[in-house]
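The file data_16.tsv contains TSV, C-alpha atoms and all ligand atoms:
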chain	number	residue	atom	x	y	z
P	1	MET	CA	12.46	14.03	141.84
P	2	ASP	CA	14.42	11.81	144.23
P	3	ALA	CA	16.16	13.34	147.23
P	4	SER	CA	19.64	14.53	146.33
P	5	PRO	CA	22.51	13.70	148.72
P	6	ASP	CA	24.09	17.09	147.96
P	7	ILE	CA	24.20	19.81	150.59
P	8	VAL	CA	23.55	23.12	148.82
P	9	GLU	CA	23.76	26.68	150.09
P	10	VAL	CA	20.56	27.91	148.42
P	11	ALA	CA	20.66	31.43	149.84
P	12	THR	CA	23.23	33.27	151.93
P	13	GLY	CA	23.64	31.27	155.13
P	14	VAL	CA	20.85	28.79	154.28
P	15	LEU	CA	21.78	25.15	153.62
P	16	ARG	CA	19.42	22.68	151.97
P	17	LEU	CA	19.40	18.99	152.91
P	18	GLN	CA	16.97	16.83	150.91
P	19	LEU	CA	15.21	13.90	152.55
P	20	PRO	CA	13.31	11.11	150.78
P	21	ILE	CA	9.52	10.87	150.60
P	22	ASN	CA	7.95	7.72	149.28
P	23	PHE	CA	4.41	8.98	148.63
P	24	THR	CA	2.40	11.42	146.48
P	25	GLY	CA	5.13	11.40	143.83
P	26	LEU	CA	6.98	14.26	145.48
P	27	GLY	CA	10.20	12.27	145.95
P	28	HIS	CA	11.78	14.59	148.50
P	29	VAL	CA	11.25	17.26	151.11
P	30	ASN	CA	13.67	20.15	151.59
P	31	THR	CA	15.06	20.53	155.09
P	32	TYR	CA	16.71	23.93	155.48
P	33	ALA	CA	19.47	24.64	158.02
P	34	LEU	CA	20.51	28.02	159.42
P	35	GLU	CA	23.60	28.47	161.58
P	36	ASP	CA	24.33	30.99	164.31
P	37	ASP	CA	27.02	31.11	167.00
P	38	LYS	CA	24.99	28.78	169.24
P	39	GLY	CA	24.39	26.12	166.60
P	40	PHE	CA	21.73	25.27	164.06
P	41	ALA	CA	18.05	25.67	163.36
P	42	LEU	CA	16.52	23.01	161.08
P	43	ILE	CA	13.27	23.55	159.21
P	44	ASP	CA	10.90	20.65	158.37
P	45	PRO	CA	13.06	17.61	159.20
P	46	GLY	CA	11.11	15.08	157.14
P	47	LEU	CA	8.86	12.06	157.58
P	48	PRO	CA	8.64	9.80	160.61
P	49	GLY	CA	10.45	6.48	160.29
P	50	GLU	CA	13.82	4.83	160.13
P	51	GLU	CA	14.68	5.63	156.51
P	52	SER	CA	14.07	9.36	156.87
P	53	TRP	CA	15.83	9.55	160.25
P	54	LYS	CA	18.94	7.77	159.01
P	55	THR	CA	19.04	9.93	155.90
P	56	LEU	CA	18.63	13.07	158.00
P	57	ARG	CA	21.53	12.02	160.24
P	58	SER	CA	23.82	11.27	157.29
P	59	ARG	CA	22.90	14.57	155.58
P	60	MET	CA	23.62	16.39	158.86
P	61	ASP	CA	27.03	14.71	159.02
P	62	ALA	CA	27.71	15.73	155.43
P	63	ALA	CA	26.67	19.32	156.21
P	64	GLY	CA	28.80	19.48	159.38
P	65	ILE	CA	25.80	19.69	161.72
P	66	PRO	CA	26.43	17.71	164.92
P	67	LEU	CA	23.23	16.51	166.60
P	68	GLU	CA	24.02	18.31	169.85
P	69	ARG	CA	24.37	21.66	168.04
P	70	VAL	CA	20.77	21.66	166.79
P	71	HIS	CA	18.97	24.09	169.09
P	72	THR	CA	15.78	24.83	167.14
P	73	ILE	CA	13.44	22.85	164.89
P	74	ILE	CA	10.81	24.72	162.91
P	75	VAL	CA	7.77	22.88	161.59
P	76	THR	CA	5.93	24.84	158.90
P	77	HIS	CA	2.67	22.85	159.16
P	78	SER	CA	0.99	19.67	160.33
P	79	HIS	CA	1.75	17.33	157.42
P	80	PRO	CA	3.85	14.26	158.23
P	81	ASP	CA	6.63	15.03	155.74
P	82	HIS	CA	7.19	18.26	157.72
P	83	PHE	CA	6.54	17.31	161.37
P	84	GLY	CA	7.33	13.58	161.27
P	85	GLY	CA	11.02	13.81	162.17
P	86	ALA	CA	10.72	16.81	164.50
P	87	GLY	CA	9.83	15.03	167.75
P	88	LEU	CA	12.64	12.51	167.56
P	89	LEU	CA	15.16	15.14	166.49
P	90	ALA	CA	14.08	17.33	169.43
P	91	GLU	CA	14.40	14.43	171.85
P	92	GLU	CA	17.84	13.39	170.59
P	93	SER	CA	19.28	16.91	170.32
P	94	GLY	CA	17.47	18.76	173.10
P	95	ALA	CA	16.28	21.33	170.56
P	96	ALA	CA	13.13	23.42	170.95
P	97	ILE	CA	10.30	22.92	168.47
P	98	VAL	CA	8.76	26.02	166.93
P	99	ALA	CA	5.47	25.98	165.03
P	100	SER	CA	2.42	28.12	164.35
P	101	ASP	CA	0.19	28.90	167.31
P	102	ARG	CA	-2.48	26.85	165.46
P	103	PHE	CA	-0.23	23.82	164.98
P	104	ARG	CA	-1.92	20.53	165.78
P	105	THR	CA	-1.39	17.03	164.45
P	106	PHE	CA	-3.90	14.20	164.42
P	107	PHE	CA	-1.78	12.66	167.17
P	108	ASP	CA	-2.88	15.36	169.61
P	109	LEU	CA	-5.36	14.29	172.23
P	110	ALA	CA	-6.43	17.81	173.08
P	111	ASP	CA	-9.23	18.07	170.60
P	112	ILE	CA	-11.10	14.81	170.40
P	113	ASP	CA	-14.49	13.89	171.76
P	114	ASP	CA	-15.42	11.13	174.23
P	115	ARG	CA	-16.49	8.65	171.60
P	116	GLU	CA	-13.08	8.84	170.01
P	117	LEU	CA	-11.40	8.48	173.38
P	118	GLU	CA	-13.43	5.34	174.02
P	119	ALA	CA	-12.32	3.96	170.68
P	120	ALA	CA	-8.74	4.61	171.73
P	121	ASP	CA	-9.23	2.91	175.09
P	122	ASP	CA	-8.61	-0.63	173.93
P	123	ILE	CA	-5.04	0.16	173.05
P	124	ASP	CA	-2.70	-0.28	175.99
P	125	PRO	CA	-1.16	3.17	176.52
P	126	GLY	CA	1.94	1.49	177.93
P	127	GLU	CA	2.41	-0.11	174.57
P	128	SER	CA	2.07	3.06	172.62
P	129	PRO	CA	2.65	6.69	173.53
P	130	ILE	CA	0.02	7.62	170.95
P	131	PRO	CA	-3.27	5.87	171.68
P	132	SER	CA	-5.01	8.41	169.46
P	133	ILE	CA	-3.53	6.79	166.40
P	134	ARG	CA	-6.88	5.12	165.76
P	135	ILE	CA	-8.81	8.35	165.70
P	136	GLU	CA	-11.17	8.53	162.82
P	137	ARG	CA	-13.40	11.47	162.12
P	138	PRO	CA	-15.79	11.75	159.21
P	139	SER	CA	-14.87	14.36	156.66
P	140	PRO	CA	-17.44	17.06	155.87
P	141	TRP	CA	-18.61	15.07	152.83
P	142	GLY	CA	-18.89	11.74	154.66
P	143	GLY	CA	-16.08	10.11	152.73
P	144	SER	CA	-12.59	9.87	154.11
P	145	THR	CA	-11.14	10.45	157.53
P	146	ILE	CA	-8.66	12.60	159.36
P	147	GLY	CA	-5.54	10.79	160.39
P	148	PRO	CA	-3.82	7.90	158.72
P	149	PRO	CA	-5.86	6.40	155.85
P	150	PRO	CA	-7.75	3.24	156.95
P	151	GLU	CA	-5.60	0.99	154.79
P	152	HIS	CA	-2.46	2.29	156.51
P	153	ARG	CA	-3.97	2.35	159.98
P	154	ALA	CA	-4.00	-1.43	160.38
P	155	GLU	CA	-0.42	-1.64	159.22
P	156	MET	CA	0.63	1.17	161.56
P	157	LEU	CA	-1.04	-0.59	164.48
P	158	ALA	CA	0.58	-3.91	163.63
P	159	HIS	CA	4.01	-2.31	163.51
P	160	ARG	CA	3.52	0.22	166.26
P	161	ALA	CA	6.55	-0.79	168.28
P	162	ASP	CA	8.78	-0.21	165.25
P	163	LEU	CA	6.94	2.94	164.29
P	164	PHE	CA	7.28	4.59	167.67
P	165	LYS	CA	10.95	3.80	167.85
P	166	TRP	CA	11.34	6.26	164.99
P	167	PHE	CA	8.57	8.72	165.80
P	168	LYS	CA	7.88	11.01	168.73
P	169	VAL	CA	4.91	13.36	168.84
P	170	PRO	CA	6.22	16.87	168.14
P	171	ARG	CA	5.36	19.22	170.99
P	172	PRO	CA	6.14	22.85	170.18
P	173	SER	CA	7.74	24.78	173.02
P	174	LEU	CA	7.42	28.04	171.12
P	175	ARG	CA	4.33	28.93	169.12
P	176	VAL	CA	4.56	31.71	166.57
P	177	ALA	CA	1.50	33.87	165.94
P	178	ASP	CA	1.02	35.91	162.79
P	179	CYS	CA	3.59	38.73	162.54
P	180	ASP	CA	5.62	37.47	165.51
P	181	HIS	CA	9.35	37.91	165.10
P	182	ILE	CA	11.88	35.16	165.70
P	183	THR	CA	15.67	35.06	165.39
P	184	LEU	CA	17.09	32.18	163.36
P	185	GLY	CA	20.61	31.95	161.97
P	186	GLY	CA	21.35	35.30	163.61
P	187	ARG	CA	18.70	37.00	161.44
P	188	ASP	CA	15.27	38.37	162.14
P	189	TRP	CA	12.33	36.47	160.59
P	190	VAL	CA	8.68	37.35	160.72
P	191	GLY	CA	6.12	34.55	160.96
P	192	LEU	CA	3.26	34.74	158.46
P	193	PHE	CA	0.13	32.73	159.17
P	194	THR	CA	-0.89	31.37	155.77
P	195	PRO	CA	-3.91	29.05	156.06
P	196	GLY	CA	-5.46	27.11	153.18
P	197	HIS	CA	-3.06	24.22	152.56
P	198	THR	CA	-3.58	23.40	156.24
P	199	ASP	CA	-5.15	25.56	158.93
P	200	ASP	CA	-1.81	25.93	160.74
P	201	HIS	CA	0.60	26.85	157.95
P	202	LEU	CA	3.47	29.16	158.84
P	203	CYS	CA	5.81	30.92	156.40
P	204	LEU	CA	8.92	32.74	157.62
P	205	TYR	CA	10.17	35.90	155.97
P	206	ASP	CA	13.59	37.50	156.35
P	207	GLU	CA	12.83	41.01	155.19
P	208	GLU	CA	16.41	42.23	155.16
P	209	GLY	CA	17.75	39.31	153.15
P	210	GLY	CA	14.60	39.01	151.01
P	211	VAL	CA	14.27	35.29	151.81
P	212	LEU	CA	10.90	33.58	152.14
P	213	LEU	CA	10.72	30.11	153.69
P	214	ALA	CA	7.50	29.10	151.99
P	215	GLY	CA	6.76	25.59	153.33
P	216	ASP	CA	4.04	24.13	151.07
P	217	GLN	CA	2.24	27.43	150.54
P	218	VAL	CA	3.94	28.24	147.22
P	219	LEU	CA	5.68	25.47	145.27
P	220	PRO	CA	7.54	26.02	142.01
P	221	THR	CA	6.16	23.20	139.83
P	222	ILE	CA	3.13	21.69	141.55
P	223	THR	CA	-0.02	23.35	142.83
P	224	PRO	CA	-0.25	23.05	146.62
P	225	HIS	CA	-3.16	20.94	147.81
P	226	ILE	CA	-6.10	22.82	149.34
P	227	SER	CA	-7.39	21.35	152.60
P	228	GLY	CA	-10.96	20.12	152.67
P	229	LEU	CA	-10.96	20.05	156.45
P	230	ILE	CA	-10.88	23.75	157.25
P	231	PRO	CA	-14.33	25.10	158.14
P	232	GLY	CA	-15.54	27.88	155.86
P	233	ASP	CA	-13.89	28.63	152.56
P	234	PRO	CA	-10.37	27.11	152.51
P	235	LEU	CA	-9.66	28.00	148.87
P	236	LEU	CA	-10.39	31.66	149.61
P	237	MET	CA	-8.10	31.49	152.66
P	238	TYR	CA	-5.38	29.96	150.51
P	239	ILE	CA	-5.73	32.62	147.78
P	240	GLU	CA	-5.73	35.41	150.37
P	241	SER	CA	-2.58	33.91	151.92
P	242	LEU	CA	-1.02	33.79	148.46
P	243	ASP	CA	-1.92	37.43	147.74
P	244	ARG	CA	-0.45	38.46	151.03
P	245	LEU	CA	2.87	36.81	150.17
P	246	SER	CA	2.82	38.30	146.64
P	247	ASP	CA	2.44	41.73	148.20
P	248	LEU	CA	5.61	41.40	150.30
P	249	PRO	CA	7.83	44.17	149.00
P	250	ASP	CA	11.28	42.61	148.75
P	251	VAL	CA	11.22	38.84	148.26
P	252	SER	CA	14.26	37.96	146.18
P	253	ILE	CA	14.26	34.20	146.75
P	254	VAL	CA	11.58	31.70	147.73
P	255	LEU	CA	12.67	28.48	149.46
P	256	PRO	CA	9.89	25.92	149.06
P	257	ALA	CA	9.55	22.64	150.96
P	258	HIS	CA	9.55	20.72	147.67
P	259	GLY	CA	11.44	21.60	144.49
P	260	GLN	CA	14.04	24.22	143.63
P	261	PRO	CA	14.35	27.77	144.96
P	262	PHE	CA	12.74	30.39	142.71
P	263	HIS	CA	12.63	34.15	142.38
P	264	ASP	CA	9.39	35.29	140.77
P	265	LEU	CA	6.97	34.89	143.66
P	266	ALA	CA	4.25	37.14	142.21
P	267	GLY	CA	4.44	35.37	138.84
P	268	ARG	CA	4.19	31.93	140.41
P	269	ALA	CA	1.29	33.07	142.61
P	270	GLU	CA	-0.55	34.28	139.48
P	271	GLU	CA	-0.04	30.89	137.79
P	272	ILE	CA	-1.46	29.08	140.81
P	273	LYS	CA	-4.45	31.42	140.94
P	274	ARG	CA	-5.08	30.87	137.22
P	275	HIS	CA	-5.00	27.12	137.80
P	276	HIS	CA	-7.69	27.43	140.48
P	277	ASP	CA	-9.83	29.70	138.29
P	278	GLU	CA	-9.71	27.05	135.54
P	279	ARG	CA	-10.59	24.29	137.99
P	280	LEU	CA	-13.49	26.32	139.35
P	281	GLU	CA	-14.78	26.85	135.84
P	282	ARG	CA	-14.45	23.16	135.02
P	283	LEU	CA	-16.18	22.14	138.25
P	284	HIS	CA	-18.99	24.57	137.51
P	285	GLU	CA	-19.53	22.83	134.14
P	286	ILE	CA	-19.42	19.44	135.84
P	287	CYS	CA	-22.04	20.52	138.38
P	288	ASP	CA	-24.22	21.79	135.56
P	289	ALA	CA	-24.08	18.44	133.76
P	290	ALA	CA	-24.31	16.19	136.81
P	291	GLY	CA	-27.45	17.39	138.57
P	292	TRP	CA	-27.41	16.91	142.35
P	293	ALA	CA	-24.23	14.99	143.16
P	294	ASN	CA	-22.01	14.35	146.15
P	295	VAL	CA	-18.36	15.34	146.61
P	296	ILE	CA	-16.95	11.92	145.78
P	297	GLU	CA	-18.94	11.68	142.52
P	298	LEU	CA	-17.91	15.16	141.50
P	299	SER	CA	-14.26	14.49	142.38
P	300	HIS	CA	-14.37	11.54	139.98
P	301	GLU	CA	-15.42	13.88	137.19
P	302	LEU	CA	-12.86	16.54	138.07
P	303	PHE	CA	-9.86	14.23	138.60
P	304	ALA	CA	-8.36	11.38	136.58
P	305	PRO	CA	-8.83	7.90	138.16
P	306	ARG	CA	-5.19	7.68	139.27
P	307	SER	CA	-5.80	10.72	141.54
P	308	TRP	CA	-9.07	9.54	143.10
P	309	GLY	CA	-9.15	9.39	146.88
P	310	SER	CA	-9.17	11.61	149.94
P	311	MET	CA	-6.85	14.31	148.51
P	312	ALA	CA	-8.97	14.73	145.37
P	313	GLU	CA	-12.17	14.74	147.45
P	314	ALA	CA	-10.78	17.37	149.83
P	315	GLU	CA	-9.77	19.61	146.99
P	316	THR	CA	-13.12	19.15	145.21
P	317	PHE	CA	-14.90	20.01	148.45
P	318	ALA	CA	-12.80	23.18	148.84
P	319	HIS	CA	-13.61	24.22	145.28
P	320	LEU	CA	-17.31	23.48	145.73
P	321	GLU	CA	-17.39	25.60	148.87
P	322	ARG	CA	-15.72	28.45	146.93
P	323	LEU	CA	-18.39	28.16	144.22
P	324	ARG	CA	-21.07	28.08	146.89
P	325	ALA	CA	-19.67	31.23	148.53
P	326	THR	CA	-20.10	33.03	145.20
P	327	SER	CA	-23.64	31.59	144.86
P	328	ALA	CA	-22.59	29.66	141.75
P	329	VAL	CA	-23.72	26.36	143.28
P	330	GLN	CA	-26.11	25.40	146.04
P	331	ARG	CA	-25.80	22.69	148.64
P	332	ARG	CA	-28.19	20.43	150.50
P	333	GLU	CA	-27.77	17.53	152.87
P	334	GLU	CA	-29.30	14.11	152.38
P	335	ALA	CA	-28.78	11.35	154.96
P	336	GLY	CA	-25.76	13.21	156.31
P	337	ILE	CA	-24.10	13.52	152.89
P	338	LEU	CA	-23.59	16.89	151.21
P	339	LEU	CA	-24.97	17.26	147.69
P	340	TYR	CA	-24.22	20.09	145.26
P	341	HIS	CA	-25.94	21.46	142.20
P	342	LEU	CA	-26.08	24.70	140.21
J	401	ZN	ZN	1.87	20.02	153.23

Could you write out this file's structure as structure tokens?
Ligand SMILES: [Zn+2]
Amino acid sequence: MDASPDIVEVATGVLRLQLPINFTGLGHVNTYALEDDKGFALIDPGLPGEESWKTLRSRMDAAGIPLERVHTIIVTHSHPDHFGGAGLLAEESGAAIVASDRFRTFFDLADIDDRELEAADDIDPGESPIPSIRIERPSPWGGSTIGPPPEHRAEMLAHRADLFKWFKVPRPSLRVADCDHITLGGRDWVGLFTPGHTDDHLCLYDEEGGVLLAGDQVLPTITPHISGLIPGDPLLMYIESLDRLSDLPDVSIVLPAHGQPFHDLAGRAEEIKRHHDERLERLHEICDAAGWANVIELSHELFAPRSWGSMAEAETFAHLERLRATSAVQRREEAGILLYHL
């Protein structure tokens, strides 16, 4: 669904501005705005880049949100359609960025090894504030990489001057740990650490108003992607995060980062869990038929060709690791590649 130009009050005191997204068929991301007597907090201000920035500014004008009144930017997790606009908005408005205490993007230099730093060395740092843009790390199954996909990386490098005009690395000045409280829009919100979609996903819950800002953790019509890059059992983490949200006593409205607000959180959570149970069952059958096979091969059985690629591989890996944790499949390594079988 394409981004709507309409500004909608989706819950008491919560405005929704929709920004365009040109990938993964999502069409839009919801940016929520909360006002208090000092100004506005904006949640997930969209992708990096000129189109998203200009749309954000025109939506803010339409909503009566002057740039200089934005005092807080919340980023729910480290996906570009959520953090991409945050750094520039913070720089232009002077706002503070708030994210999970685990928040980290692939633009961060804090967590890379020497080899990667060497690879970054041949970019002139004066030319680019983000030399780490070339960082490439093998995924656990030896297939894809963290960071921009290789086919986009060359293009990003070629157009880096343009890119960095419209993108600043988001640097949170306040990090919210699980169960920390924060005041936004004059109301008290509790931060809920909800890993699985990413390892730094943060939901915000206004207990008194019954409002859940759900980020990508629970979406009304699509099943959130499960990360293949979280060590351990990311699908289990995701399901446990989902159960935790379902158990919240008084959620009356869920505000997702994509799609329309909805009310039946527990019902939607059950649907998503059923979907994963079905996928696990299907993958188990595939493993039975395939013999020893790697993640990419199995992802090609589990997904239709139009979905093949790093997202499908990551999700297949997460499901395989869930099956392995229940002893339904076993794993071995051959020449650095993981293989699975019943
Ligand atoms: Zn996401």

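Of the listed residues P:Thr316, P:Thr198, P:Ser139, P:Gln260, the one whose atoms come nearest to ligand ZN 401 (chain J) is P:Thr198, with distances taken using all atoms listed in the file.
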
Counting all atoms listed in the file, the option among P:His341, P:Arg331, P:His263, P:Arg102 closest to Trp141 of chain P:
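Once distances to Trp141 of chain P are computed over all atoms listed in the file, the minimum belongs to P:Arg331.
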
Using all atoms listed in the file for the distances, tell me which of P:Ile43, P:Gly232, P:Val329, P:Ala33 is nearest to Pro140 of chain P.
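The closest residue to Pro140 of chain P is P:Gly232.
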
With all atoms listed in the file as the counted atoms, please give the residues lying no more than 12 Å from Gln217 of chain P, apart from itself and same-chain residues fewer than 6 positions off, as a VMD selection string.
chain P and resid 76 to 77 192 to 204 223 to 227 237 to 246 254 to 258 265 268 to 269 272

Write out as a PyMOL selection string each polymer residue whose atoms come within 10 Å of segment 332-335 of chain P, counting all atoms listed in the file; drop sequence neighbours fewer than 3 positions from it.
chain P and resi 141-142+292-294+338-341

Tell me which of P:Asp44, P:Asp178, P:Asp37, P:Asp216 sits closest to ligand ZN 401 (chain J), counting all atoms listed in the file.
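Among the listed residues, P:Asp216 lies closest to ligand ZN 401 (chain J).
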
Quote the spacing between atom CA of Arg274 of chain P and atom CA of Val29 of chain P in Å to one decimal place.
25.4 Å

Each residue of segment 179-204 of chain P with at least one atom at most 12 Å from segment 68-73 of chain P should appear once, together with its nearest atom pair and the corresponding distance in Å (one decimal); atoms considered: all atoms listed in the file; ordering: chain, then increasing residue number; output as CSV.
residue,atom,partner,partner_atom,distance
P:Ile182,CA,P:Thr72,CA,11.1
P:Thr183,CA,P:Thr72,CA,10.4
P:Leu184,CA,P:Thr72,CA,8.4
P:Gly185,CA,P:Thr72,CA,10.0

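Computed from the coordinates, the atom CA of Ala41 of chain P to atom CA of Tyr205 of chain P distance equals 14.9 Å.
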
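Reported to one decimal place, the separation of atom CA of Ser78 of chain P from atom CA of Val190 of chain P is 19.3 Å.
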
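Of the residues under consideration (P:Leu298, P:Leu280, P:Leu42, P:Leu47), P:Leu47 shows the shortest atom-to-atom contact distance to ligand ZN 401 (chain J) when counting all atoms listed in the file.
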
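Proximity to ligand ZN 401 (chain J) was assessed for P:Asn30, P:Thr12, P:Ser93, P:Ser52 counting only C-alpha atoms and all ligand atoms; the smallest distance is recorded for P:Asn30.
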
Do you know which residues are at most 12 Å from Arg57 of chain P counting all atoms listed in the file, after dropping those on the same chain fewer than 2 positions away, and could you put them as a list in words?
Pro5, Leu17, Gln18, Leu19, Thr31, Pro45, Gly46, Glu50, Glu51, Ser52, Trp53, Lys54, Thr55, Arg59, Met60, Asp61, Ala62, Ala63, Gly64, Ile65, Pro66, Leu67, Glu68, Val70, Gly85, Leu88, Leu89, Glu92 and Ser93 of chain P

Take the residues that were just selected and, keeping C-alpha atoms, output them as a CSV table (one decimal), in the frame of the given file.
chain,number,residue,atom,x,y,z
P,5,PRO,CA,22.5,13.7,148.7
P,17,LEU,CA,19.4,19.0,152.9
P,18,GLN,CA,17.0,16.8,150.9
P,19,LEU,CA,15.2,13.9,152.6
P,31,THR,CA,15.1,20.5,155.1
P,45,PRO,CA,13.1,17.6,159.2
P,46,GLY,CA,11.1,15.1,157.1
P,50,GLU,CA,13.8,4.8,160.1
P,51,GLU,CA,14.7,5.6,156.5
P,52,SER,CA,14.1,9.4,156.9
P,53,TRP,CA,15.8,9.6,160.2
P,54,LYS,CA,18.9,7.8,159.0
P,55,THR,CA,19.0,9.9,155.9
P,59,ARG,CA,22.9,14.6,155.6
P,60,MET,CA,23.6,16.4,158.9
P,61,ASP,CA,27.0,14.7,159.0
P,62,ALA,CA,27.7,15.7,155.4
P,63,ALA,CA,26.7,19.3,156.2
P,64,GLY,CA,28.8,19.5,159.4
P,65,ILE,CA,25.8,19.7,161.7
P,66,PRO,CA,26.4,17.7,164.9
P,67,LEU,CA,23.2,16.5,166.6
P,68,GLU,CA,24.0,18.3,169.8
P,70,VAL,CA,20.8,21.7,166.8
P,85,GLY,CA,11.0,13.8,162.2
P,88,LEU,CA,12.6,12.5,167.6
P,89,LEU,CA,15.2,15.1,166.5
P,92,GLU,CA,17.8,13.4,170.6
P,93,SER,CA,19.3,16.9,170.3

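For Gly309 of chain P, the residues within 9 Å (counting all atoms listed in the file, excluding itself and residues fewer than 2 positions away along the chain) are P:Ser144, P:Ile296, P:Ser299, P:His300, P:Pro305, P:Arg306, P:Ser307, P:Met311, P:Ala312, P:Glu313, P:Ala314.
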
Write out, as an mmCIF file, keeping the file's coordinate frame, the residues just selected, with C-alpha atoms.
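Just written: out_2.cif:
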data_model
loop_
_atom_site.group_PDB
_atom_site.id
_atom_site.type_symbol
_atom_site.label_atom_id
_atom_site.label_comp_id
_atom_site.auth_asym_id
_atom_site.auth_seq_id
_atom_site.Cartn_x
_atom_site.Cartn_y
_atom_site.Cartn_z
ATOM 1 C CA SER P 144 -12.590 9.870 154.110
ATOM 2 C CA ILE P 296 -16.950 11.920 145.780
ATOM 3 C CA SER P 299 -14.260 14.490 142.380
ATOM 4 C CA HIS P 300 -14.370 11.540 139.980
ATOM 5 C CA PRO P 305 -8.830 7.900 138.160
ATOM 6 C CA ARG P 306 -5.190 7.680 139.270
ATOM 7 C CA SER P 307 -5.800 10.720 141.540
ATOM 8 C CA MET P 311 -6.850 14.310 148.510
ATOM 9 C CA ALA P 312 -8.970 14.730 145.370
ATOM 10 C CA GLU P 313 -12.170 14.740 147.450
ATOM 11 C CA ALA P 314 -10.780 17.370 149.830
#

Around all of segment 178-189 of chain P's listed atoms, make the axis-aligned box with 3 Å on each side and tell me centre and edge lengths in Å to one decimal, as lines of an AutoDock Vina configuration file.
center_x = 11.2
center_y = 35.3
center_z = 163.1
size_x = 26.3
size_y = 12.8
size_z = 11.1
